[in-house]
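Okay, structure first, notes after.
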Amino acid sequence: MTAPATALDLGRSAYFERRWGDALDYLARADTEGGLPPADIELAASVAMLLGLTMEGVDYLSRAHDEFLTLGDTDSAARCAAWLVLFLMDMGEEARGNGWLSRAKHLLEGMKGPSAAEGYLLIPAGLGSLRAGNPEAGHALFSRALDMGLASHDKDLEAMGLLGVGTSQVSLGHTDEGLQLLDEVMVAVGAGEVSPIPAGIIYCAVLGSCRLAHDVQRAQEWTVALERWCGDRPDMVMFSGQCQAHRAELLILHGAWDDAMSVARSAEGRVRKGDPDATFGAWYQQGEVFRLRGSFEEAGAAYAMAAETGFEPVPGIAFLQLAQHRTQQARATIRRAVEGADAANRRRLLPALVDVELAAGNLEAAKAASHELAAPLNHQSRPLELALAAQAEAQVLLAEDPASSLQAGRRAWRLWYSLEAPYEAARCRVLVGRACAAMGDADSAAMEFEAAKAEFVDLGALPAVAEVLELSGEKPKGESQLTARELEVLRLIAGGRTNRSIARELYLSEKTVARHVSNILSKLAVPSRAAATSFAFQHRLVNGGPLPFS
């Protein structure tokens with residue numbers, strides 16, 4: 001006769017079946033009924049962390065450390081201490097983290113020979129070096145951790161060490177070598193060789209490196225894999241918000257801005273449930289959508305929330321400052337960010353530096369940044385890198401050599417088009433139109449501007465629409481210009497929306513909306529909302545079909 005399953009048995013089964021809510025309930029019951037062995041206390045810590053119950057996880061992990069120490073298992077006790085260092089430092093509790101670091105070091109002093117726990121202690125030290133802008137030191141620390149993982153046959157430590165080495169290589173500018181190592185560690189994760197928390201850390205770190213390396217194809221592949229991985233663990237909170245933030249970034253690139261905003265807000269919700277590492281991405285991506293659509297006040301608020309994590313929201317905040325005509329502030333922001341960045345982050349920021357320096361009238365600085373961006377590239381480089389470099393080249397050449405700018409702009413457009421990135425592709429059509437105009441080809445310029453405007457209207461990129469109207473001569477200059485917010489209100493008016501509905505949509509008061517409507521009618525010199533709607537359709541500021549905002 002088979003004995004009935006105990007709460008501990010049920011808890012272990014639920015863990016391996018990825019039913020982590022049930023696992024924690026059963027393990028907690030077993031703990032109450034007769035106590036848990038230290039390995040199962042450590043298991044409960046992992047489950048609590050995965051469910052977003054961080055402090056509960058820390059408490060379980062502290063208990064596991066104490067129980068392992070009581071049993072004389074110093075290596076396991078030191079491993080728990082090392083994970084506590086990692087978690088507490090990530091939570092911003094440096095004093096407690098340093099306390100556990102000292103305790104772990106004391107434990108290791110009494111051990112003979114190297115151990116896996118010693119390797120685990122190198123992980124937070126390596127991360128600290130990367131965050132401090134010292135990838136060389138990080139590479140050395142992660143290499144030692146990898147060697148210790150291999151020597152001890154600890155798959156989690158081996159994977160974390162390999163992740164660190166690959167990430168350091170990308171930060172040092174050795175992009176291809178680093179990405180190959182990251183692909184290797186992802187194979188181990190995909191094969192189920194790595195336990196859930198290290199696996200989640202690896203997924204998110206690899207996606208961050210793909211972003212630094214401008215590798216859209218890898219980013220898309222691993223984002224889909226992360227989404228599937230999170231989907232197989234439906235009650236998991238940890239990492240789920242980060243997954244959504246990565247999705248939002250790709251959706252923005254591909255022009256699905258409504259979806260991107262929805263996903264970014266979902267990531268924000270996951271932050272509140274217990275995935276704090278998603279905070280920056282959740283708010284930064286919301287800021288990007290707001291900025292691109294011309295909602296500058298909301299963009300500034302979102303970037304400010306992202307900045308509270310300690311990471312600067314660049315290049316987005318610099319582009320926002322530029323859009324607000326705060327050119328010198330934008331220049332100071334992006335220059336400081338570029339100068340303080342490691343090799344990979346510096347390359348990520350160079351396209352923004354080109355934009356800002358050109359807006360500031362510093363052609364030589366823009367040219368230097370463009371050349372730096374293009375210098376290491378060849379025909380085998382990643383399409384996104386080639387697109388960014390060609391676009392920067394077209395921008396710089398526009399003032400000096402419109403014919404060459406035209407060629408570079410068309411090359412950039414083809415690359416962005418192949419990447420299915422409609423906003424950047426439309427920006428390149430604007431560059432091509434400007435080059436045609438500079439060469440005296442007004443008809444071709446008008447055609448390019450019209451194509452760009454249509455794409456911007458589809459996206460709801462109101463500041464870009466306003467820019468094209470100015471370039472094409474459709475929009476009167478001076479006091480009669482519509483602001484980005486007024487364009488947004490006009491499009492909603494054309495969609496048949498009432499002031500109350502517009503106020504709800506844009507998070508404004510009805511009084512503010514009424515003022516915008518009055519300004520629109522005055523600037524367009526039209527007598528009514530119906531006439532304003534006719535103007536919007538006549539100038540193709542809206543589509544014949546449903547509006548993106550409706």
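In the structure tokens, the first chain shown is A, the next is B, and so on; residue numbers restart at 1 for each chain, and ligands run from 1 in the order shown.
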Note to self: Which of range 275-323 of chain A end up as helix (DSSP H, G or I) when DSSP is run on this backbone - answer as a PyMOL selection string?
What the structure shows: chain A and resi 276-293+296-307+316-323
Just to be explicit: take each residue in the selection above, keep N, CA and C atoms, and write the result as an mmCIF file, in the first residue's frame.
data_model
loop_
_atom_site.group_PDB
_atom_site.id
_atom_site.type_symbol
_atom_site.label_atom_id
_atom_site.label_comp_id
_atom_site.auth_asym_id
_atom_site.auth_seq_id
_atom_site.Cartn_x
_atom_site.Cartn_y
_atom_site.Cartn_z
ATOM 1 N N PRO A 276 10.989 44.233 -9.299
ATOM 2 C CA PRO A 276 11.500 45.606 -9.316
ATOM 3 C C PRO A 276 12.519 45.873 -10.412
ATOM 4 N N ASP A 277 13.195 44.833 -10.904
ATOM 5 C CA ASP A 277 14.197 45.043 -11.946
ATOM 6 C C ASP A 277 13.574 45.462 -13.275
ATOM 7 N N ALA A 278 12.255 45.393 -13.371
ATOM 8 C CA ALA A 278 11.578 45.846 -14.590
ATOM 9 C C ALA A 278 11.255 47.333 -14.552
ATOM 10 N N THR A 279 11.555 48.001 -13.443
ATOM 11 C CA THR A 279 11.126 49.391 -13.255
ATOM 12 C C THR A 279 11.652 50.304 -14.358
ATOM 13 N N PHE A 280 12.951 50.260 -14.607
ATOM 14 C CA PHE A 280 13.527 51.169 -15.599
ATOM 15 C C PHE A 280 12.898 50.951 -16.970
ATOM 16 N N GLY A 281 12.895 49.716 -17.436
ATOM 17 C CA GLY A 281 12.372 49.430 -18.772
ATOM 18 C C GLY A 281 10.907 49.780 -18.911
ATOM 19 N N ALA A 282 10.114 49.498 -17.880
ATOM 20 C CA ALA A 282 8.675 49.782 -17.937
ATOM 21 C C ALA A 282 8.428 51.262 -18.141
ATOM 22 N N TRP A 283 9.112 52.101 -17.376
ATOM 23 C CA TRP A 283 8.892 53.544 -17.473
ATOM 24 C C TRP A 283 9.595 54.147 -18.681
ATOM 25 N N TYR A 284 10.798 53.658 -19.000
ATOM 26 C CA TYR A 284 11.525 54.238 -20.130
ATOM 27 C C TYR A 284 10.759 54.012 -21.433
ATOM 28 N N GLN A 285 10.233 52.816 -21.628
ATOM 29 C CA GLN A 285 9.519 52.531 -22.877
ATOM 30 C C GLN A 285 8.216 53.324 -22.954
ATOM 31 N N GLN A 286 7.540 53.544 -21.825
ATOM 32 C CA GLN A 286 6.374 54.428 -21.845
ATOM 33 C C GLN A 286 6.787 55.842 -22.251
ATOM 34 N N GLY A 287 7.922 56.302 -21.707
ATOM 35 C CA GLY A 287 8.428 57.619 -22.069
ATOM 36 C C GLY A 287 8.707 57.736 -23.553
ATOM 37 N N GLU A 288 9.227 56.677 -24.153
ATOM 38 C CA GLU A 288 9.525 56.701 -25.577
ATOM 39 C C GLU A 288 8.253 56.860 -26.413
ATOM 40 N N VAL A 289 7.209 56.124 -26.072
ATOM 41 C CA VAL A 289 5.958 56.235 -26.832
ATOM 42 C C VAL A 289 5.363 57.627 -26.663
ATOM 43 N N PHE A 290 5.340 58.123 -25.432
ATOM 44 C CA PHE A 290 4.820 59.467 -25.197
ATOM 45 C C PHE A 290 5.606 60.500 -26.011
ATOM 46 N N ARG A 291 6.933 60.377 -26.004
ATOM 47 C CA ARG A 291 7.763 61.358 -26.717
ATOM 48 C C ARG A 291 7.510 61.308 -28.218
ATOM 49 N N LEU A 292 7.491 60.126 -28.775
ATOM 50 C CA LEU A 292 7.305 59.990 -30.212
ATOM 51 C C LEU A 292 5.944 60.522 -30.654
ATOM 52 N N ARG A 293 4.952 60.451 -29.777
ATOM 53 C CA ARG A 293 3.615 60.928 -30.108
ATOM 54 C C ARG A 293 3.392 62.395 -29.753
ATOM 55 N N PHE A 296 4.783 65.455 -24.502
ATOM 56 C CA PHE A 296 6.079 65.710 -23.885
ATOM 57 C C PHE A 296 6.028 65.763 -22.362
ATOM 58 N N GLU A 297 4.951 66.279 -21.808
ATOM 59 C CA GLU A 297 4.850 66.339 -20.351
ATOM 60 C C GLU A 297 4.812 64.928 -19.763
ATOM 61 N N GLU A 298 4.003 64.064 -20.376
ATOM 62 C CA GLU A 298 3.920 62.685 -19.911
ATOM 63 C C GLU A 298 5.250 61.949 -20.115
ATOM 64 N N ALA A 299 5.923 62.242 -21.221
ATOM 65 C CA ALA A 299 7.223 61.620 -21.477
ATOM 66 C C ALA A 299 8.217 62.002 -20.391
ATOM 67 N N GLY A 300 8.253 63.284 -20.043
ATOM 68 C CA GLY A 300 9.172 63.736 -19.006
ATOM 69 C C GLY A 300 8.902 63.052 -17.675
ATOM 70 N N ALA A 301 7.613 62.886 -17.342
ATOM 71 C CA ALA A 301 7.262 62.218 -16.082
ATOM 72 C C ALA A 301 7.694 60.756 -16.101
ATOM 73 N N ALA A 302 7.512 60.086 -17.242
ATOM 74 C CA ALA A 302 7.907 58.675 -17.349
ATOM 75 C C ALA A 302 9.421 58.520 -17.254
ATOM 76 N N TYR A 303 10.165 59.391 -17.941
ATOM 77 C CA TYR A 303 11.624 59.336 -17.853
ATOM 78 C C TYR A 303 12.098 59.601 -16.422
ATOM 79 N N ALA A 304 11.422 60.510 -15.727
ATOM 80 C CA ALA A 304 11.792 60.803 -14.335
ATOM 81 C C ALA A 304 11.602 59.566 -13.453
ATOM 82 N N MET A 305 10.523 58.820 -13.686
ATOM 83 C CA MET A 305 10.305 57.586 -12.932
ATOM 84 C C MET A 305 11.396 56.563 -13.244
ATOM 85 N N ALA A 306 11.780 56.475 -14.516
ATOM 86 C CA ALA A 306 12.864 55.556 -14.889
ATOM 87 C C ALA A 306 14.159 55.951 -14.205
ATOM 88 N N ALA A 307 14.416 57.254 -14.124
ATOM 89 C CA ALA A 307 15.665 57.744 -13.539
ATOM 90 C C ALA A 307 15.766 57.444 -12.053
ATOM 91 N N GLY A 316 16.628 58.807 -24.687
ATOM 92 C CA GLY A 316 15.287 59.355 -24.765
ATOM 93 C C GLY A 316 15.152 60.747 -24.181
ATOM 94 N N ILE A 317 15.736 60.976 -22.994
ATOM 95 C CA ILE A 317 15.587 62.274 -22.340
ATOM 96 C C ILE A 317 16.251 63.375 -23.155
ATOM 97 N N ALA A 318 17.367 63.056 -23.833
ATOM 98 C CA ALA A 318 18.037 64.053 -24.673
ATOM 99 C C ALA A 318 17.175 64.396 -25.894
ATOM 100 N N PHE A 319 16.552 63.400 -26.491
ATOM 101 C CA PHE A 319 15.645 63.664 -27.615
ATOM 102 C C PHE A 319 14.452 64.506 -27.157
ATOM 103 N N LEU A 320 13.958 64.249 -25.949
ATOM 104 C CA LEU A 320 12.851 65.045 -25.425
ATOM 105 C C LEU A 320 13.278 66.501 -25.248
ATOM 106 N N GLN A 321 14.444 66.718 -24.672
ATOM 107 C CA GLN A 321 14.952 68.076 -24.488
ATOM 108 C C GLN A 321 15.106 68.786 -25.835
ATOM 109 N N LEU A 322 15.527 68.039 -26.843
ATOM 110 C CA LEU A 322 15.670 68.604 -28.183
ATOM 111 C C LEU A 322 14.303 69.017 -28.737
ATOM 112 N N ALA A 323 13.312 68.147 -28.554
ATOM 113 C CA ALA A 323 11.961 68.446 -29.038
ATOM 114 C C ALA A 323 11.358 69.648 -28.324
#
Need the shell around Val185 in chain A: protein/DNA/RNA residues with any atom at most 12 Å away, counting only C-alpha atoms. Skip same-chain ones fewer than 4 positions apart. Format as an mmCIF file with N, CA and C atoms, in the first residue's frame?
data_model
loop_
_atom_site.group_PDB
_atom_site.id
_atom_site.type_symbol
_atom_site.label_atom_id
_atom_site.label_comp_id
_atom_site.auth_asym_id
_atom_site.auth_seq_id
_atom_site.Cartn_x
_atom_site.Cartn_y
_atom_site.Cartn_z
ATOM 1 N N LEU A 146 33.640 31.255 -13.654
ATOM 2 C CA LEU A 146 33.404 30.198 -14.641
ATOM 3 C C LEU A 146 34.324 29.008 -14.393
ATOM 4 N N LYS A 155 26.365 23.591 -12.405
ATOM 5 C CA LYS A 155 25.843 24.127 -13.657
ATOM 6 C C LYS A 155 25.356 25.578 -13.516
ATOM 7 N N ASP A 156 24.764 25.907 -12.374
ATOM 8 C CA ASP A 156 24.291 27.280 -12.183
ATOM 9 C C ASP A 156 25.460 28.261 -12.169
ATOM 10 N N LEU A 157 26.499 27.928 -11.419
ATOM 11 C CA LEU A 157 27.673 28.797 -11.341
ATOM 12 C C LEU A 157 28.374 28.874 -12.692
ATOM 13 N N GLU A 158 28.480 27.747 -13.364
ATOM 14 C CA GLU A 158 29.107 27.733 -14.690
ATOM 15 C C GLU A 158 28.351 28.664 -15.654
ATOM 16 N N ALA A 159 27.020 28.596 -15.621
ATOM 17 C CA ALA A 159 26.212 29.425 -16.519
ATOM 18 C C ALA A 159 26.333 30.902 -16.157
ATOM 19 N N MET A 160 26.313 31.212 -14.871
ATOM 20 C CA MET A 160 26.427 32.608 -14.453
ATOM 21 C C MET A 160 27.804 33.180 -14.798
ATOM 22 N N GLY A 161 28.841 32.349 -14.647
ATOM 23 C CA GLY A 161 30.184 32.793 -15.007
ATOM 24 C C GLY A 161 30.313 33.050 -16.500
ATOM 25 N N LEU A 162 29.768 32.125 -17.301
ATOM 26 C CA LEU A 162 29.825 32.286 -18.753
ATOM 27 C C LEU A 162 29.015 33.508 -19.187
ATOM 28 N N LEU A 163 27.871 33.722 -18.546
ATOM 29 C CA LEU A 163 27.076 34.920 -18.825
ATOM 30 C C LEU A 163 27.896 36.178 -18.574
ATOM 31 N N GLY A 164 28.579 36.217 -17.435
ATOM 32 C CA GLY A 164 29.372 37.392 -17.097
ATOM 33 C C GLY A 164 30.512 37.632 -18.067
ATOM 34 N N VAL A 165 31.183 36.565 -18.478
ATOM 35 C CA VAL A 165 32.281 36.704 -19.434
ATOM 36 C C VAL A 165 31.754 37.248 -20.757
ATOM 37 N N GLY A 166 30.650 36.675 -21.247
ATOM 38 C CA GLY A 166 30.070 37.143 -22.510
ATOM 39 C C GLY A 166 29.615 38.586 -22.432
ATOM 40 N N THR A 167 28.950 38.952 -21.331
ATOM 41 C CA THR A 167 28.473 40.325 -21.155
ATOM 42 C C THR A 167 29.649 41.300 -21.103
ATOM 43 N N GLY A 178 31.536 38.032 -27.614
ATOM 44 C CA GLY A 178 30.625 38.031 -26.480
ATOM 45 C C GLY A 178 29.293 37.389 -26.798
ATOM 46 N N LEU A 179 28.725 37.695 -27.965
ATOM 47 C CA LEU A 179 27.424 37.135 -28.336
ATOM 48 C C LEU A 179 27.493 35.627 -28.540
ATOM 49 N N GLN A 180 28.611 35.141 -29.048
ATOM 50 C CA GLN A 180 28.765 33.688 -29.206
ATOM 51 C C GLN A 180 28.748 32.989 -27.851
ATOM 52 N N LEU A 181 29.403 33.602 -26.856
ATOM 53 C CA LEU A 181 29.386 33.023 -25.506
ATOM 54 C C LEU A 181 27.984 33.071 -24.912
ATOM 55 N N VAL A 189 20.556 26.978 -20.801
ATOM 56 C CA VAL A 189 19.260 27.337 -20.227
ATOM 57 C C VAL A 189 18.135 26.594 -20.944
ATOM 58 N N GLY A 190 18.195 26.596 -22.276
ATOM 59 C CA GLY A 190 17.158 25.922 -23.055
ATOM 60 C C GLY A 190 17.100 24.431 -22.811
ATOM 61 N N ALA A 191 18.250 23.834 -22.468
ATOM 62 C CA ALA A 191 18.306 22.389 -22.205
ATOM 63 C C ALA A 191 17.836 22.043 -20.799
ATOM 64 N N GLY A 192 17.477 23.056 -20.006
ATOM 65 C CA GLY A 192 17.005 22.799 -18.648
ATOM 66 C C GLY A 192 18.106 22.489 -17.667
ATOM 67 N N GLU A 193 19.343 22.843 -18.005
ATOM 68 C CA GLU A 193 20.474 22.545 -17.124
ATOM 69 C C GLU A 193 20.633 23.564 -16.001
ATOM 70 N N VAL A 194 19.906 24.670 -16.086
ATOM 71 C CA VAL A 194 20.082 25.783 -15.149
ATOM 72 C C VAL A 194 18.791 25.974 -14.366
ATOM 73 N N PRO A 198 18.740 31.590 -11.771
ATOM 74 C CA PRO A 198 19.842 31.899 -12.692
ATOM 75 C C PRO A 198 19.384 31.959 -14.149
ATOM 76 N N ALA A 199 18.436 31.090 -14.532
ATOM 77 C CA ALA A 199 17.947 31.097 -15.921
ATOM 78 C C ALA A 199 17.285 32.424 -16.256
ATOM 79 N N ILE A 201 17.778 35.346 -14.789
ATOM 80 C CA ILE A 201 18.832 36.366 -14.826
ATOM 81 C C ILE A 201 19.538 36.331 -16.169
ATOM 82 N N ILE A 202 19.802 35.136 -16.655
ATOM 83 C CA ILE A 202 20.519 34.969 -17.927
ATOM 84 C C ILE A 202 19.683 35.488 -19.090
ATOM 85 N N TYR A 203 18.414 35.117 -19.142
ATOM 86 C CA TYR A 203 17.539 35.604 -20.222
ATOM 87 C C TYR A 203 17.588 37.132 -20.311
ATOM 88 N N ALA A 205 19.714 39.341 -18.990
ATOM 89 C CA ALA A 205 21.037 39.907 -19.275
ATOM 90 C C ALA A 205 21.416 39.724 -20.739
ATOM 91 N N VAL A 206 21.074 38.580 -21.315
ATOM 92 C CA VAL A 206 21.384 38.337 -22.734
ATOM 93 C C VAL A 206 20.619 39.331 -23.609
#
Item checked: Contact residues around Ser266 in chain A with only C-alpha atoms at 12 Å, ignoring same-chain residues under 3 positions, as a PyMOL selection string -> chain A and resi 237+240-248+259-263+269-273+275+278-279+281-283+285-286
Next item on the list: Tell me, in Å to one decimal, how far CA of Leu10 in chain A is from CA of Ala225 in chain A.
Entry: 28.9 Å
Checklist line | Exercise: Leu88 in chain A partners within 12 Å, only C-alpha atoms, chain neighbours under 2 positions left out, as a list in words | finding: Met49, Thr54, Met55, Gly57, Val58, Asp59, Leu61, Ser62, Ala81, Ala82, Trp83, Leu84, Val85, Leu86, Asp90, Met91, Gly92, Glu93, Glu94, Ala95, Arg96, Gly97, Asn98, Gly99, Trp100, Leu101 and Pro124 of chain A
Preceding selection exported with C-alpha atoms as an mmCIF file, in the first residue's frame:
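The result, stored in out37.cif:
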data_model
loop_
_atom_site.group_PDB
_atom_site.id
_atom_site.type_symbol
_atom_site.label_atom_id
_atom_site.label_comp_id
_atom_site.auth_asym_id
_atom_site.auth_seq_id
_atom_site.Cartn_x
_atom_site.Cartn_y
_atom_site.Cartn_z
ATOM 1 C CA MET A 49 11.607 34.964 -4.929
ATOM 2 C CA THR A 54 11.397 39.062 -1.998
ATOM 3 C CA MET A 55 11.588 39.645 1.751
ATOM 4 C CA GLY A 57 12.653 34.734 0.134
ATOM 5 C CA VAL A 58 15.442 36.538 1.978
ATOM 6 C CA ASP A 59 14.125 35.200 5.294
ATOM 7 C CA LEU A 61 17.490 31.930 2.518
ATOM 8 C CA SER A 62 18.866 33.272 5.825
ATOM 9 C CA ALA A 81 25.236 33.832 1.840
ATOM 10 C CA ALA A 82 26.491 34.616 -1.681
ATOM 11 C CA TRP A 83 22.946 34.610 -3.088
ATOM 12 C CA LEU A 84 21.848 36.849 -0.211
ATOM 13 C CA VAL A 85 24.586 39.298 -1.190
ATOM 14 C CA LEU A 86 23.291 39.298 -4.780
ATOM 15 C CA ASP A 90 19.942 44.327 -6.080
ATOM 16 C CA MET A 91 17.312 45.524 -3.592
ATOM 17 C CA GLY A 92 19.537 48.482 -2.688
ATOM 18 C CA GLU A 93 20.245 47.176 0.825
ATOM 19 C CA GLU A 94 24.008 47.581 0.621
ATOM 20 C CA ALA A 95 24.664 47.471 4.390
ATOM 21 C CA ARG A 96 22.952 44.090 4.795
ATOM 22 C CA GLY A 97 24.550 42.862 1.587
ATOM 23 C CA ASN A 98 28.014 43.826 2.801
ATOM 24 C CA GLY A 99 27.306 42.122 6.115
ATOM 25 C CA TRP A 100 26.505 38.845 4.375
ATOM 26 C CA LEU A 101 29.531 39.296 2.137
ATOM 27 C CA PRO A 124 28.069 40.243 -7.349
#
Note to self: Can you measure CA of Ser152 in chain A to CA of Ala45 in chain A for me? One decimal in Å is fine.
What the structure shows: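 Result for CA of Ser152 in chain A versus CA of Ala45 in chain A: 22.9 Å, one decimal.
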For Tyr26 in chain A: contacts at 9 Å, only C-alpha atoms, fewer than 4 positions along chain excluded, given as a compact mmCIF listing (two decimals) with all heavy atoms, in the first residue's frame:
# COMPACT_ATOMS: atom_id res chain seq x y z
N THR A 6 3.09 13.43 1.63
CA THR A 6 3.17 14.46 2.66
C THR A 6 3.15 15.84 2.01
O THR A 6 3.32 15.99 0.80
CB THR A 6 4.45 14.31 3.48
OG1 THR A 6 5.58 14.55 2.61
CG2 THR A 6 4.55 12.90 4.07
N ALA A 7 2.98 16.86 2.86
CA ALA A 7 3.04 18.24 2.35
C ALA A 7 4.38 18.52 1.71
O ALA A 7 4.46 19.22 0.69
CB ALA A 7 2.76 19.22 3.49
N LEU A 8 5.45 17.94 2.29
CA LEU A 8 6.78 18.15 1.71
C LEU A 8 6.87 17.51 0.33
O LEU A 8 7.40 18.11 -0.61
CB LEU A 8 7.85 17.57 2.65
CG LEU A 8 9.31 17.71 2.18
CD1 LEU A 8 9.66 19.17 1.92
CD2 LEU A 8 10.26 17.11 3.21
N ASP A 9 6.35 16.29 0.20
CA ASP A 9 6.34 15.62 -1.11
C ASP A 9 5.57 16.45 -2.14
O ASP A 9 6.02 16.63 -3.28
CB ASP A 9 5.70 14.23 -1.01
CG ASP A 9 6.52 13.26 -0.17
OD1 ASP A 9 7.76 13.41 -0.14
OD2 ASP A 9 5.91 12.37 0.44
N LEU A 10 4.40 16.94 -1.72
CA LEU A 10 3.58 17.72 -2.63
C LEU A 10 4.26 19.03 -3.01
O LEU A 10 4.17 19.49 -4.15
CB LEU A 10 2.22 18.01 -1.98
CG LEU A 10 1.31 16.79 -1.78
CD1 LEU A 10 0.09 17.16 -0.92
CD2 LEU A 10 0.84 16.23 -3.12
N GLY A 11 4.96 19.63 -2.05
CA GLY A 11 5.69 20.86 -2.33
C GLY A 11 6.80 20.66 -3.32
O GLY A 11 6.98 21.47 -4.26
N ARG A 12 7.56 19.58 -3.16
CA ARG A 12 8.65 19.29 -4.10
C ARG A 12 8.09 19.01 -5.49
O ARG A 12 8.64 19.50 -6.49
CB ARG A 12 9.45 18.09 -3.60
CG ARG A 12 10.30 18.38 -2.36
CD ARG A 12 10.86 17.09 -1.79
NE ARG A 12 11.74 17.31 -0.66
CZ ARG A 12 12.20 16.34 0.13
NH1 ARG A 12 11.83 15.07 -0.09
NH2 ARG A 12 13.01 16.63 1.14
N ALA A 14 5.22 20.04 -6.78
CA ALA A 14 4.70 21.28 -7.36
C ALA A 14 5.83 22.15 -7.88
O ALA A 14 5.71 22.81 -8.94
CB ALA A 14 3.88 22.05 -6.32
N GLY A 21 3.15 28.69 -6.84
CA GLY A 21 2.25 29.11 -5.77
C GLY A 21 1.88 27.94 -4.87
O GLY A 21 1.92 28.03 -3.64
N ASP A 22 1.52 26.81 -5.51
CA ASP A 22 1.21 25.60 -4.74
C ASP A 22 2.43 25.12 -3.98
O ASP A 22 2.34 24.67 -2.83
CB ASP A 22 0.72 24.49 -5.67
CG ASP A 22 -0.64 24.79 -6.28
OD1 ASP A 22 -1.36 25.64 -5.74
OD2 ASP A 22 -0.95 24.18 -7.33
N ALA A 30 4.45 22.17 5.40
CA ALA A 30 5.41 21.18 5.91
C ALA A 30 6.32 21.80 6.96
O ALA A 30 6.67 21.16 7.96
CB ALA A 30 6.25 20.63 4.76
N ASP A 31 6.68 23.07 6.75
CA ASP A 31 7.53 23.76 7.71
C ASP A 31 6.82 23.90 9.06
O ASP A 31 7.41 23.73 10.12
CB ASP A 31 7.90 25.13 7.13
CG ASP A 31 9.05 25.80 7.85
OD1 ASP A 31 9.83 25.08 8.52
OD2 ASP A 31 9.20 27.03 7.74
